[in-house]
$ cat model_13.cif   # mmCIF, C-alpha atoms
data_my_file
#
loop_
_atom_site.group_PDB
_atom_site.id
_atom_site.type_symbol
_atom_site.label_atom_id
_atom_site.label_comp_id
_atom_site.auth_asym_id
_atom_site.auth_seq_id
_atom_site.Cartn_x
_atom_site.Cartn_y
_atom_site.Cartn_z
ATOM 1 C CA MET A 1 15.113 -28.078 19.457
ATOM 2 C CA GLN A 2 16.975 -27.731 16.129
ATOM 3 C CA ASP A 3 18.612 -24.532 17.425
ATOM 4 C CA ASP A 4 19.684 -26.323 20.594
ATOM 5 C CA LEU A 5 21.138 -29.084 18.463
ATOM 6 C CA ASP A 6 23.021 -26.589 16.293
ATOM 7 C CA ASP A 7 24.415 -24.965 19.444
ATOM 8 C CA LEU A 8 25.521 -28.381 20.638
ATOM 9 C CA PHE A 9 27.246 -29.089 17.305
ATOM 10 C CA ALA A 10 28.977 -25.702 17.493
ATOM 11 C CA THR A 11 30.242 -26.493 20.977
ATOM 12 C CA ALA A 12 31.438 -29.904 19.776
ATOM 13 C CA ARG A 13 33.361 -28.236 16.917
ATOM 14 C CA GLN A 14 35.058 -25.925 19.400
ATOM 15 C CA ARG A 15 35.968 -28.779 21.732
ATOM 16 C CA PRO A 16 37.483 -31.556 19.583
ATOM 17 C CA PRO A 17 39.070 -34.427 21.500
ATOM 18 C CA GLU A 18 42.718 -33.529 22.033
ATOM 19 C CA PRO A 19 45.221 -36.239 21.135
ATOM 20 C CA SER A 20 47.458 -37.189 24.034
ATOM 21 C CA ALA A 21 51.200 -36.615 23.849
ATOM 22 C CA GLY A 22 51.591 -40.393 23.847
ATOM 23 C CA LEU A 23 49.400 -40.840 20.773
ATOM 24 C CA LEU A 24 51.220 -38.064 18.886
ATOM 25 C CA ALA A 25 54.558 -39.641 19.794
ATOM 26 C CA ARG A 26 53.384 -43.073 18.558
ATOM 27 C CA VAL A 27 52.093 -41.638 15.276
ATOM 28 C CA LEU A 28 55.337 -39.715 14.701
ATOM 29 C CA HIS A 29 57.388 -42.788 15.592
ATOM 30 C CA ASP A 30 55.461 -44.761 12.942
ATOM 31 C CA ALA A 31 55.981 -41.956 10.411
ATOM 32 C CA GLU A 32 59.729 -41.899 10.911
ATOM 33 C CA GLY A 33 59.890 -45.690 10.960
ATOM 34 C CA VAL A 34 58.199 -45.910 7.544
ATOM 35 C CA GLN A 35 60.529 -43.205 6.188
ATOM 36 C CA ASP A 36 63.579 -45.111 7.430
ATOM 37 C CA ALA A 37 62.305 -48.431 6.051
ATOM 38 C CA GLN A 38 61.660 -46.916 2.628
ATOM 39 C CA ALA A 39 65.050 -45.170 2.526
ATOM 40 C CA ARG A 40 67.090 -48.196 3.720
ATOM 41 C CA PRO A 41 67.098 -50.295 0.497
ATOM 42 C CA LEU A 42 68.924 -47.484 -1.333
ATOM 43 C CA ARG A 43 71.849 -47.926 1.024
ATOM 44 C CA SER A 44 72.202 -51.715 0.572
ATOM 45 C CA PRO A 45 75.422 -52.984 -1.122
ATOM 46 C CA TYR A 46 73.422 -54.391 -4.057
ATOM 47 C CA ARG A 47 71.713 -51.036 -4.707
ATOM 48 C CA ARG A 48 75.079 -49.248 -4.385
ATOM 49 C CA ARG A 49 76.692 -51.516 -7.006
ATOM 50 C CA HIS A 50 73.667 -51.176 -9.251
ATOM 51 C CA ARG A 51 73.723 -47.370 -9.004
ATOM 52 C CA LEU A 52 77.500 -47.289 -9.696
ATOM 53 C CA LEU A 53 77.060 -49.452 -12.791
ATOM 54 C CA ALA A 54 74.213 -47.253 -13.952
ATOM 55 C CA LEU A 55 76.403 -44.196 -13.509
ATOM 56 C CA VAL A 56 79.154 -45.788 -15.631
ATOM 57 C CA LEU A 57 76.923 -47.097 -18.379
ATOM 58 C CA GLY A 58 74.236 -44.469 -18.304
ATOM 59 C CA SER A 59 71.188 -46.674 -18.203
ATOM 60 C CA ALA A 60 69.772 -49.972 -19.376
ATOM 61 C CA GLY A 61 68.693 -48.332 -22.646
ATOM 62 C CA ALA A 62 72.174 -47.010 -23.326
ATOM 63 C CA ALA A 63 73.699 -50.393 -22.490
ATOM 64 C CA ALA A 64 71.316 -52.136 -24.899
ATOM 65 C CA GLY A 65 72.191 -49.629 -27.635
ATOM 66 C CA MET A 66 75.894 -50.206 -27.115
ATOM 67 C CA ALA A 67 75.468 -53.983 -27.283
ATOM 68 C CA THR A 68 73.453 -53.745 -30.508
ATOM 69 C CA ALA A 69 76.058 -51.476 -32.112
ATOM 70 C CA ALA A 70 78.851 -53.887 -31.169
ATOM 71 C CA VAL A 71 77.050 -56.903 -32.668
ATOM 72 C CA ALA A 72 76.203 -54.960 -35.829
ATOM 73 C CA GLY A 73 79.854 -53.901 -36.216
ATOM 74 C CA VAL A 74 81.116 -57.474 -35.978
ATOM 75 C CA TRP A 75 78.518 -58.674 -38.470
ATOM 76 C CA ILE A 76 79.350 -55.961 -41.006
ATOM 77 C CA GLY A 77 83.062 -56.683 -40.606
ATOM 78 C CA PHE A 78 82.765 -60.378 -41.389
ATOM 79 C CA ALA A 79 79.799 -60.667 -43.675
ATOM 80 C CA GLN A 80 80.022 -57.676 -46.030
ATOM 81 C CA PRO A 81 83.548 -57.852 -47.677
ATOM 82 C CA GLU A 82 82.502 -60.527 -50.206
ATOM 83 C CA ALA A 83 79.562 -58.586 -51.471
ATOM 84 C CA VAL A 84 81.552 -55.346 -51.638
ATOM 85 C CA SER A 85 84.521 -56.981 -53.485
ATOM 86 C CA SER A 86 82.281 -58.685 -56.035
ATOM 87 C CA VAL A 87 80.602 -55.419 -56.931
ATOM 88 C CA THR A 88 83.953 -53.701 -57.249
ATOM 89 C CA ALA A 89 85.375 -56.494 -59.442
ATOM 90 C CA ALA A 90 82.396 -56.463 -61.749
ATOM 91 C CA TRP A 91 82.672 -52.753 -62.140
ATOM 92 C CA LEU A 92 86.409 -52.737 -62.889
ATOM 93 C CA ALA A 93 86.465 -55.798 -65.183
ATOM 94 C CA ASP A 94 83.479 -55.453 -67.460
ATOM 95 C CA GLU A 95 82.461 -51.869 -67.648
ATOM 96 C CA ARG A 96 84.372 -50.130 -70.477
ATOM 97 C CA VAL A 97 83.306 -46.846 -71.979
ATOM 98 C CA ASP A 98 83.873 -46.142 -75.695
ATOM 99 C CA LEU A 99 84.671 -42.460 -75.663
ATOM 100 C CA ILE A 100 85.118 -41.945 -79.524
ATOM 101 C CA PRO A 101 82.953 -44.540 -81.317
ATOM 102 C CA ASN A 102 82.839 -42.731 -84.724
ATOM 103 C CA TYR A 103 86.620 -42.978 -85.299
ATOM 104 C CA ASP A 104 87.010 -46.746 -84.983
ATOM 105 C CA TYR A 105 87.733 -47.101 -88.720
ATOM 106 C CA LEU A 106 91.030 -45.208 -88.343
ATOM 107 C CA THR A 107 92.470 -47.947 -86.206
ATOM 108 C CA GLU A 108 91.320 -50.791 -88.410
ATOM 109 C CA MET B 1 54.924 -31.403 21.077
ATOM 110 C CA PRO B 2 55.340 -28.098 19.152
ATOM 111 C CA LEU B 3 52.698 -26.633 16.890
ATOM 112 C CA ASP B 4 52.497 -27.168 13.121
ATOM 113 C CA THR B 5 55.548 -25.297 11.820
ATOM 114 C CA LEU B 6 54.448 -25.386 8.165
ATOM 115 C CA PRO B 7 50.900 -23.965 8.286
ATOM 116 C CA ASP B 8 51.014 -22.542 4.741
ATOM 117 C CA VAL B 9 52.014 -25.809 3.065
ATOM 118 C CA THR B 10 49.143 -27.970 1.771
ATOM 119 C CA ASP B 11 48.573 -31.494 3.072
ATOM 120 C CA GLU B 12 49.447 -32.940 -0.318
ATOM 121 C CA ALA B 13 52.707 -30.991 -0.602
ATOM 122 C CA LEU B 14 53.628 -32.122 2.900
ATOM 123 C CA LEU B 15 52.880 -35.720 1.984
ATOM 124 C CA ILE B 16 55.224 -35.514 -1.005
ATOM 125 C CA LEU B 17 57.918 -33.966 1.170
ATOM 126 C CA TYR B 18 57.307 -36.751 3.680
ATOM 127 C CA ALA B 19 57.725 -39.389 0.973
ATOM 128 C CA ASN B 20 61.063 -37.780 0.109
ATOM 129 C CA GLY B 21 62.247 -38.332 3.657
ATOM 130 C CA ASP B 22 61.521 -34.887 5.121
ATOM 131 C CA ARG B 23 61.269 -35.199 8.925
ATOM 132 C CA ALA B 24 59.679 -31.760 9.348
ATOM 133 C CA ALA B 25 56.860 -32.819 7.004
ATOM 134 C CA ALA B 26 56.303 -35.983 9.077
ATOM 135 C CA ARG B 27 55.982 -33.859 12.190
ATOM 136 C CA ALA B 28 53.710 -31.266 10.563
ATOM 137 C CA LEU B 29 51.350 -33.910 9.152
ATOM 138 C CA THR B 30 51.246 -35.717 12.496
ATOM 139 C CA LEU B 31 50.290 -32.534 14.339
ATOM 140 C CA ARG B 32 47.815 -31.408 11.703
ATOM 141 C CA LEU B 33 45.965 -34.630 10.900
ATOM 142 C CA THR B 34 46.047 -36.718 14.089
ATOM 143 C CA PRO B 35 43.533 -34.486 15.944
ATOM 144 C CA ARG B 36 41.087 -34.608 13.029
ATOM 145 C CA VAL B 37 41.270 -38.380 12.716
ATOM 146 C CA LEU B 38 40.979 -38.839 16.464
ATOM 147 C CA GLY B 39 37.996 -36.483 16.696
ATOM 148 C CA PHE B 40 36.108 -38.369 14.009
ATOM 149 C CA ALA B 41 37.045 -41.820 15.327
ATOM 150 C CA ALA B 42 36.166 -40.895 18.922
ATOM 151 C CA ARG B 43 32.676 -39.764 17.907
ATOM 152 C CA MET B 44 32.165 -42.815 15.726
ATOM 153 C CA LEU B 45 33.317 -45.320 18.348
ATOM 154 C CA SER B 46 32.457 -43.583 21.649
ATOM 155 C CA ASP B 47 35.568 -45.208 23.074
ATOM 156 C CA ARG B 48 38.749 -43.220 23.544
ATOM 157 C CA ALA B 49 41.163 -46.170 23.603
ATOM 158 C CA GLU B 50 39.685 -47.725 20.469
ATOM 159 C CA ALA B 51 39.658 -44.324 18.761
ATOM 160 C CA GLU B 52 43.374 -43.901 19.504
ATOM 161 C CA ASP B 53 44.128 -47.341 18.039
ATOM 162 C CA VAL B 54 42.136 -46.507 14.903
ATOM 163 C CA THR B 55 43.887 -43.136 14.613
ATOM 164 C CA GLN B 56 47.331 -44.705 14.804
ATOM 165 C CA GLU B 57 46.350 -47.348 12.226
ATOM 166 C CA ALA B 58 44.827 -44.802 9.810
ATOM 167 C CA MET B 59 47.906 -42.589 10.049
ATOM 168 C CA LEU B 60 50.179 -45.597 9.523
ATOM 169 C CA ARG B 61 48.301 -46.376 6.306
ATOM 170 C CA LEU B 62 48.833 -42.783 5.205
ATOM 171 C CA TRP B 63 52.595 -43.078 5.824
ATOM 172 C CA ARG B 64 52.719 -46.296 3.830
ATOM 173 C CA ILE B 65 50.817 -44.934 0.842
ATOM 174 C CA ALA B 66 52.757 -41.645 0.726
ATOM 175 C CA ALA B 67 55.390 -42.895 -1.742
ATOM 176 C CA GLU B 68 52.666 -43.980 -4.195
ATOM 177 C CA TRP B 69 50.366 -40.970 -3.665
ATOM 178 C CA ARG B 70 48.922 -39.786 -6.978
ATOM 179 C CA GLN B 71 48.781 -36.016 -6.942
ATOM 180 C CA GLY B 72 45.513 -34.265 -7.656
ATOM 181 C CA GLU B 73 43.355 -37.403 -7.458
ATOM 182 C CA ALA B 74 41.926 -36.989 -3.974
ATOM 183 C CA LYS B 75 42.344 -34.720 -0.993
ATOM 184 C CA VAL B 76 44.538 -36.207 1.700
ATOM 185 C CA THR B 77 41.863 -35.559 4.329
ATOM 186 C CA THR B 78 39.144 -37.188 2.198
ATOM 187 C CA TRP B 79 41.301 -40.306 1.821
ATOM 188 C CA LEU B 80 42.086 -40.289 5.533
ATOM 189 C CA TYR B 81 38.461 -39.879 6.624
ATOM 190 C CA ARG B 82 37.501 -42.776 4.326
ATOM 191 C CA VAL B 83 40.165 -45.051 5.797
ATOM 192 C CA THR B 84 39.174 -44.024 9.327
ATOM 193 C CA SER B 85 35.541 -44.609 8.516
ATOM 194 C CA ASN B 86 36.259 -48.132 7.251
ATOM 195 C CA LEU B 87 38.377 -48.939 10.307
ATOM 196 C CA CYS B 88 35.584 -47.700 12.600
ATOM 197 C CA THR B 89 33.001 -49.739 10.702
ATOM 198 C CA ASP B 90 35.114 -52.877 11.139
ATOM 199 C CA ARG B 91 35.365 -52.265 14.870
ATOM 200 C CA LEU B 92 31.651 -51.522 15.245
ATOM 201 C CA ARG B 93 30.774 -54.696 13.370
ATOM 202 C CA ARG B 94 33.047 -56.774 15.563
ATOM 203 C CA ARG B 95 31.612 -55.099 18.641
ATOM 204 C CA ARG B 96 27.999 -55.645 17.729
ATOM 205 C CA GLY B 97 28.363 -58.944 15.960
ATOM 206 C CA ILE B 98 25.574 -58.082 13.526
ATOM 207 C CA ALA B 99 25.447 -56.521 10.099
ATOM 208 C CA LEU B 100 24.931 -52.790 10.397
ATOM 209 C CA ASP B 101 22.477 -52.765 7.502
ATOM 210 C CA ASP B 102 20.175 -54.784 9.707
ATOM 211 C CA ALA B 103 20.301 -52.216 12.477
ATOM 212 C CA PRO B 104 17.090 -50.324 13.208
ATOM 213 C CA ASP B 105 16.733 -46.890 11.650
ATOM 214 C CA VAL B 106 16.603 -45.217 15.053
ATOM 215 C CA ALA B 107 17.593 -47.087 18.166
ATOM 216 C CA ASP B 108 15.644 -46.913 21.385
ATOM 217 C CA ALA B 109 16.219 -43.849 23.510
ATOM 218 C CA ALA B 110 19.220 -44.125 25.794
ATOM 219 C CA PRO B 111 18.478 -44.325 29.452
ATOM 220 C CA GLY B 112 22.047 -43.140 30.048
ATOM 221 C CA VAL B 113 21.678 -39.732 28.395
ATOM 222 C CA GLU B 114 22.011 -37.764 31.606
ATOM 223 C CA ALA B 115 21.016 -34.181 32.230
ATOM 224 C CA SER B 116 23.776 -31.873 33.317
ATOM 225 C CA LEU B 117 24.541 -28.171 33.443
ATOM 226 C CA ILE B 118 28.216 -28.178 32.542
ATOM 227 C CA GLU B 119 29.635 -28.277 29.053
ATOM 228 C CA GLY B 120 31.568 -31.525 29.420
ATOM 229 C CA GLN B 121 28.364 -33.306 30.316
ATOM 230 C CA ARG B 122 26.531 -31.658 27.423
ATOM 231 C CA MET B 123 29.170 -33.121 25.144
ATOM 232 C CA ARG B 124 28.762 -36.497 26.778
ATOM 233 C CA ALA B 125 25.019 -36.283 26.202
ATOM 234 C CA LEU B 126 25.677 -35.569 22.522
ATOM 235 C CA ASP B 127 28.162 -38.446 22.268
ATOM 236 C CA ASP B 128 25.739 -40.812 24.005
ATOM 237 C CA ALA B 129 22.964 -39.830 21.615
ATOM 238 C CA LEU B 130 25.278 -40.092 18.586
ATOM 239 C CA ALA B 131 26.236 -43.592 19.696
ATOM 240 C CA LEU B 132 22.598 -44.622 19.390
ATOM 241 C CA LEU B 133 22.266 -43.560 15.767
ATOM 242 C CA PRO B 134 22.666 -46.132 12.985
ATOM 243 C CA GLU B 135 26.293 -46.056 11.891
ATOM 244 C CA ARG B 136 25.766 -44.407 8.474
ATOM 245 C CA GLN B 137 23.593 -41.654 9.952
ATOM 246 C CA ARG B 138 26.127 -41.029 12.694
ATOM 247 C CA GLN B 139 28.936 -40.893 10.162
ATOM 248 C CA ALA B 140 27.086 -38.360 7.994
ATOM 249 C CA VAL B 141 26.039 -36.197 10.957
ATOM 250 C CA VAL B 142 29.550 -36.128 12.473
ATOM 251 C CA LEU B 143 31.224 -35.326 9.156
ATOM 252 C CA ARG B 144 28.673 -32.622 8.284
ATOM 253 C CA HIS B 145 27.890 -30.945 11.577
ATOM 254 C CA ILE B 146 30.972 -31.552 13.721
ATOM 255 C CA GLU B 147 33.841 -31.964 11.260
ATOM 256 C CA GLY B 148 32.183 -29.288 9.100
ATOM 257 C CA LEU B 149 32.774 -30.940 5.714
ATOM 258 C CA PRO B 150 30.720 -30.052 2.621
ATOM 259 C CA ASN B 151 28.256 -32.646 1.335
ATOM 260 C CA PRO B 152 30.191 -33.481 -1.884
ATOM 261 C CA GLU B 153 33.278 -34.364 0.172
ATOM 262 C CA ILE B 154 31.194 -36.475 2.554
ATOM 263 C CA ALA B 155 29.761 -38.239 -0.496
ATOM 264 C CA ARG B 156 33.297 -39.106 -1.655
ATOM 265 C CA ILE B 157 34.263 -40.317 1.825
ATOM 266 C CA MET B 158 31.155 -42.484 2.204
ATOM 267 C CA GLU B 159 31.196 -43.500 -1.484
ATOM 268 C CA ILE B 160 27.551 -42.547 -1.996
ATOM 269 C CA GLY B 161 25.690 -39.766 -3.794
ATOM 270 C CA VAL B 162 25.230 -36.251 -2.456
ATOM 271 C CA GLU B 163 21.446 -36.789 -2.180
ATOM 272 C CA ALA B 164 22.030 -39.858 -0.033
ATOM 273 C CA VAL B 165 24.285 -37.789 2.217
ATOM 274 C CA GLU B 166 21.594 -35.133 2.553
ATOM 275 C CA SER B 167 19.027 -37.790 3.408
ATOM 276 C CA LEU B 168 21.272 -39.472 5.996
ATOM 277 C CA THR B 169 22.156 -36.131 7.577
ATOM 278 C CA ALA B 170 18.540 -35.014 7.804
ATOM 279 C CA ARG B 171 17.371 -38.339 9.252
ATOM 280 C CA GLY B 172 20.285 -38.402 11.662
ATOM 281 C CA LYS B 173 19.557 -34.909 12.886
ATOM 282 C CA ARG B 174 15.873 -35.693 13.392
ATOM 283 C CA ALA B 175 16.780 -38.837 15.301
ATOM 284 C CA LEU B 176 19.239 -36.924 17.489
ATOM 285 C CA ALA B 177 16.609 -34.294 18.234
ATOM 286 C CA ALA B 178 14.193 -37.059 19.247
ATOM 287 C CA LEU B 179 16.804 -38.756 21.445
ATOM 288 C CA LEU B 180 17.664 -35.484 23.182
ATOM 289 C CA ALA B 181 14.103 -34.171 23.365
ATOM 290 C CA GLY B 182 13.844 -34.833 27.067
ATOM 291 C CA GLN B 183 17.190 -33.215 27.781
ATOM 292 C CA ARG B 184 16.442 -29.539 27.067
ATOM 293 C CA ASP B 185 18.027 -28.509 30.348
ATOM 294 C CA VAL B 186 21.227 -30.192 29.168
ATOM 295 C CA LEU B 187 21.140 -28.665 25.716
ATOM 296 C CA SER B 188 20.136 -25.046 26.309
ATOM 297 C CA TYR B 189 22.827 -22.538 27.129
ATOM 298 C CA GLU B 190 20.281 -20.447 29.065
ATOM 299 C CA ASP B 191 19.589 -23.378 31.300
ATOM 300 C CA GLY B 192 23.264 -24.386 31.356
#

$ encode --input "model_13.cif" --output "structure tokens"
Amino acid sequence: MQDDLDDLFATARQRPPEPSAGLLARVLHDAEGVQDAQARPLRSPYRRRHRLLALVLGSAGAAAGMATAAVAGVWIGFAQPEAVSSVTAAWLADERVDLIPNYDYLTE
Amino acid sequence: MPLDTLPDVTDEALLILYANGDRAAARALTLRLTPRVLGFAARMLSDRAEAEDVTQEAMLRLWRIAAEWRQGEAKVTTWLYRVTSNLCTDRLRRRRGIALDDAPDVADAAPGVEASLIEGQRMRALDDALALLPERQRQAVVLRHIEGLPNPEIARIMEIGVEAVESLTARGKRALAALLAGQRDVLSYEDG
């Protein structure tokens, strides 16, 4: 009986149900429909503008880097001159170097 | 419809091509996978129209998941058999209106398993007997002995262990043999 059953399974493997042309056409229609639906958003005006902007600026990361650099430049420009000038003034005004200390008596 | 024009390309590679908008890949996958899904669904449901609906739905789910397919995680056919299996289970549950776990281990013998000498009727006898098996046994027997899948792959499809697959297959085969015991003239080639 087991041999008969194995023969029956073998026959079943050789005779799978054939899909009708209609079923294949419906499945392919679905496949192409999903492809079209997933491709369509890339062609919308919003996506086009977004992609153009990305091309110009590079990417969101690059844009963020540029913004940070701009803010840092403005801050350095306005905030740093006082500190820099005070250091320079202190250096020029108070720091004197006595190059020949042992000959001071000649000038007295 | 023409034959598969990309026979050397794997299912997974075709699916990635499909997700990138390749029409030839859509056609090749349709021709390659639809018969396998239909064959499995038809033997699970014993109803051609329902099997076609399930096939179209399972393939539609494949198209939708293609863009998010994670390479190397699962075989495309394993995923597809699992989806088909779940869709068939839903339909069988709706049809019967009872939980399948409550179904008897082996159903009563079918009065409609008719003797016949021609091959088409032998196949009908097999399908009639398969329809009387509990759903999990039928699933395991069809995947193992008709679809020809190895036990580890069946285990992944059915989300059970390999030993459980072996047990289901063995019990299913014994039950089929019992159901067809009185139909030797249908089953034997010598007699057919």

$ residues_near_point --input "model_13.cif" --point "(54.3, -39.0, 5.7)" --cutoff "7 Å" --atoms "only C-alpha atoms" --output "list in words"
Ala31 of chain A; Leu15, Tyr18, Ala19, Ala25, Ala26, Leu29, Leu62, Trp63 and Ala66 of chain B

$ atom_distance --input "model_13.cif" --atom1 "atom CA of Lys75 of chain B" --atom2 "atom CA of Ala140 of chain B"
18.1 Å

$ closest_atom_pairs --input "model_13.cif" --of "chain B" --to "chain A" --cutoff "9 Å" --atoms "all atoms listed in the file" --output "tab-separated table"
residue	atom	partner	partner_atom	distance
B:Met1	CA	A:Ala21	CA	7.0
B:Tyr18	CA	A:Gln35	CA	7.6
B:Ala19	CA	A:Gln35	CA	7.0
B:Asn20	CA	A:Gln35	CA	8.2
B:Gly21	CA	A:Gln35	CA	5.8
B:Asp22	CA	A:Gln35	CA	8.4
B:Arg23	CA	A:Glu32	CA	7.2
B:Ala26	CA	A:Ala31	CA	6.1
B:Arg27	CA	A:Leu28	CA	6.4
B:Leu29	CA	A:Leu28	CA	9.0
B:Thr30	CA	A:Leu28	CA	6.1
B:Leu31	CA	A:Leu24	CA	7.2
B:Thr34	CA	A:Pro19	CA	7.1
B:Pro35	CA	A:Pro19	CA	5.7
B:Arg36	CA	A:Pro16	CA	8.1
B:Leu38	CA	A:Pro19	CA	6.8
B:Gly39	CA	A:Pro17	CA	5.3
B:Phe40	CA	A:Pro16	CA	8.9
B:Ala42	CA	A:Pro17	CA	7.5
B:Glu52	CA	A:Leu23	CA	6.9
B:Asp53	CA	A:Leu23	CA	8.8
B:Thr55	CA	A:Val27	CA	8.4
B:Gln56	CA	A:Val27	CA	5.7
B:Glu57	CA	A:Val27	CA	8.7
B:Met59	CA	A:Val27	CA	6.8
B:Leu60	CA	A:Asp30	CA	6.3
B:Leu62	CA	A:Ala31	CA	8.9
B:Trp63	CA	A:Ala31	CA	5.8
B:Arg64	CA	A:Val34	CA	6.6
B:Ala67	CA	A:Gln38	CA	8.6
B:Glu119	CA	A:Thr11	CA	8.3
B:Arg122	CA	A:Leu8	CA	7.6
B:Met123	CA	A:Ala12	CA	6.7
B:Leu126	CA	A:Leu8	CA	7.4
B:Val142	CA	A:Phe9	CA	8.8
B:His145	CA	A:Phe9	CA	6.1
B:Ile146	CA	A:Arg13	CA	5.2
B:Glu147	CA	A:Arg13	CA	6.8
B:Gly148	CA	A:Arg13	CA	8.0
B:Lys173	CA	A:Leu5	CA	8.2
B:Arg174	CA	A:Gln2	CA	8.5
B:Leu176	CA	A:Leu5	CA	8.1
B:Ala177	CA	A:Met1	CA	6.5
B:Leu180	CA	A:Met1	CA	8.7
B:Ala181	CA	A:Met1	CA	7.3
B:Arg184	CA	A:Met1	CA	7.9
B:Leu187	CA	A:Asp4	CA	5.8
B:Ser188	CA	A:Asp4	CA	5.9
B:Tyr189	CA	A:Asp4	CA	8.2

$ residues_around --input "model_13.cif" --residues "Val165 of chain B" --least-positions-apart "3" --cutoff "8 Å" --atoms "all atoms listed in the file" --output "JSON, numbers by chain"
{"B": [140, 151, 154, 155, 160, 161, 162, 168, 169]}

$ residues_around --input "model_13.cif" --residues "Val37 of chain B" --least-positions-apart "5" --cutoff "8 Å" --atoms "all atoms listed in the file" --output "compact mmCIF listing (two decimals) with C-alpha atoms, keeping the file's coordinate frame"
# COMPACT_ATOMS: atom_id res chain seq x y z
CA THR B 55 43.89 -43.14 14.61
CA ALA B 58 44.83 -44.80 9.81
CA LEU B 80 42.09 -40.29 5.53
CA TYR B 81 38.46 -39.88 6.62
CA THR B 84 39.17 -44.02 9.33

$ closest_residue --input "model_13.cif" --among "B:Ala164, B:Ala13, B:Leu33, B:Met158" --to "Gly72 of chain B" --atoms "all atoms listed in the file"
B:Ala13

$ atom_distance --input "model_13.cif" --atom1 "atom CA of Ile157 of chain B" --atom2 "atom CA of Val83 of chain B"
8.5 Å

$ atom_distance --input "model_13.cif" --atom1 "atom CA of Arg156 of chain B" --atom2 "atom CA of Ala131 of chain B"
22.9 Å

$ closest_residue --input "model_13.cif" --among "B:Leu179, B:Ala41, B:Leu149, B:Leu92" --to "Leu133 of chain B" --atoms "all atoms listed in the file"
B:Leu179

$ residues_around --input "model_13.cif" --residues "Ala24 of chain B" --least-positions-apart "4" --cutoff "9 Å" --atoms "only C-alpha atoms" --output "list of chain:residue names"
B:Thr5, B:Leu6, B:Leu14, B:Leu17, B:Tyr18, B:Ala28, B:Leu29
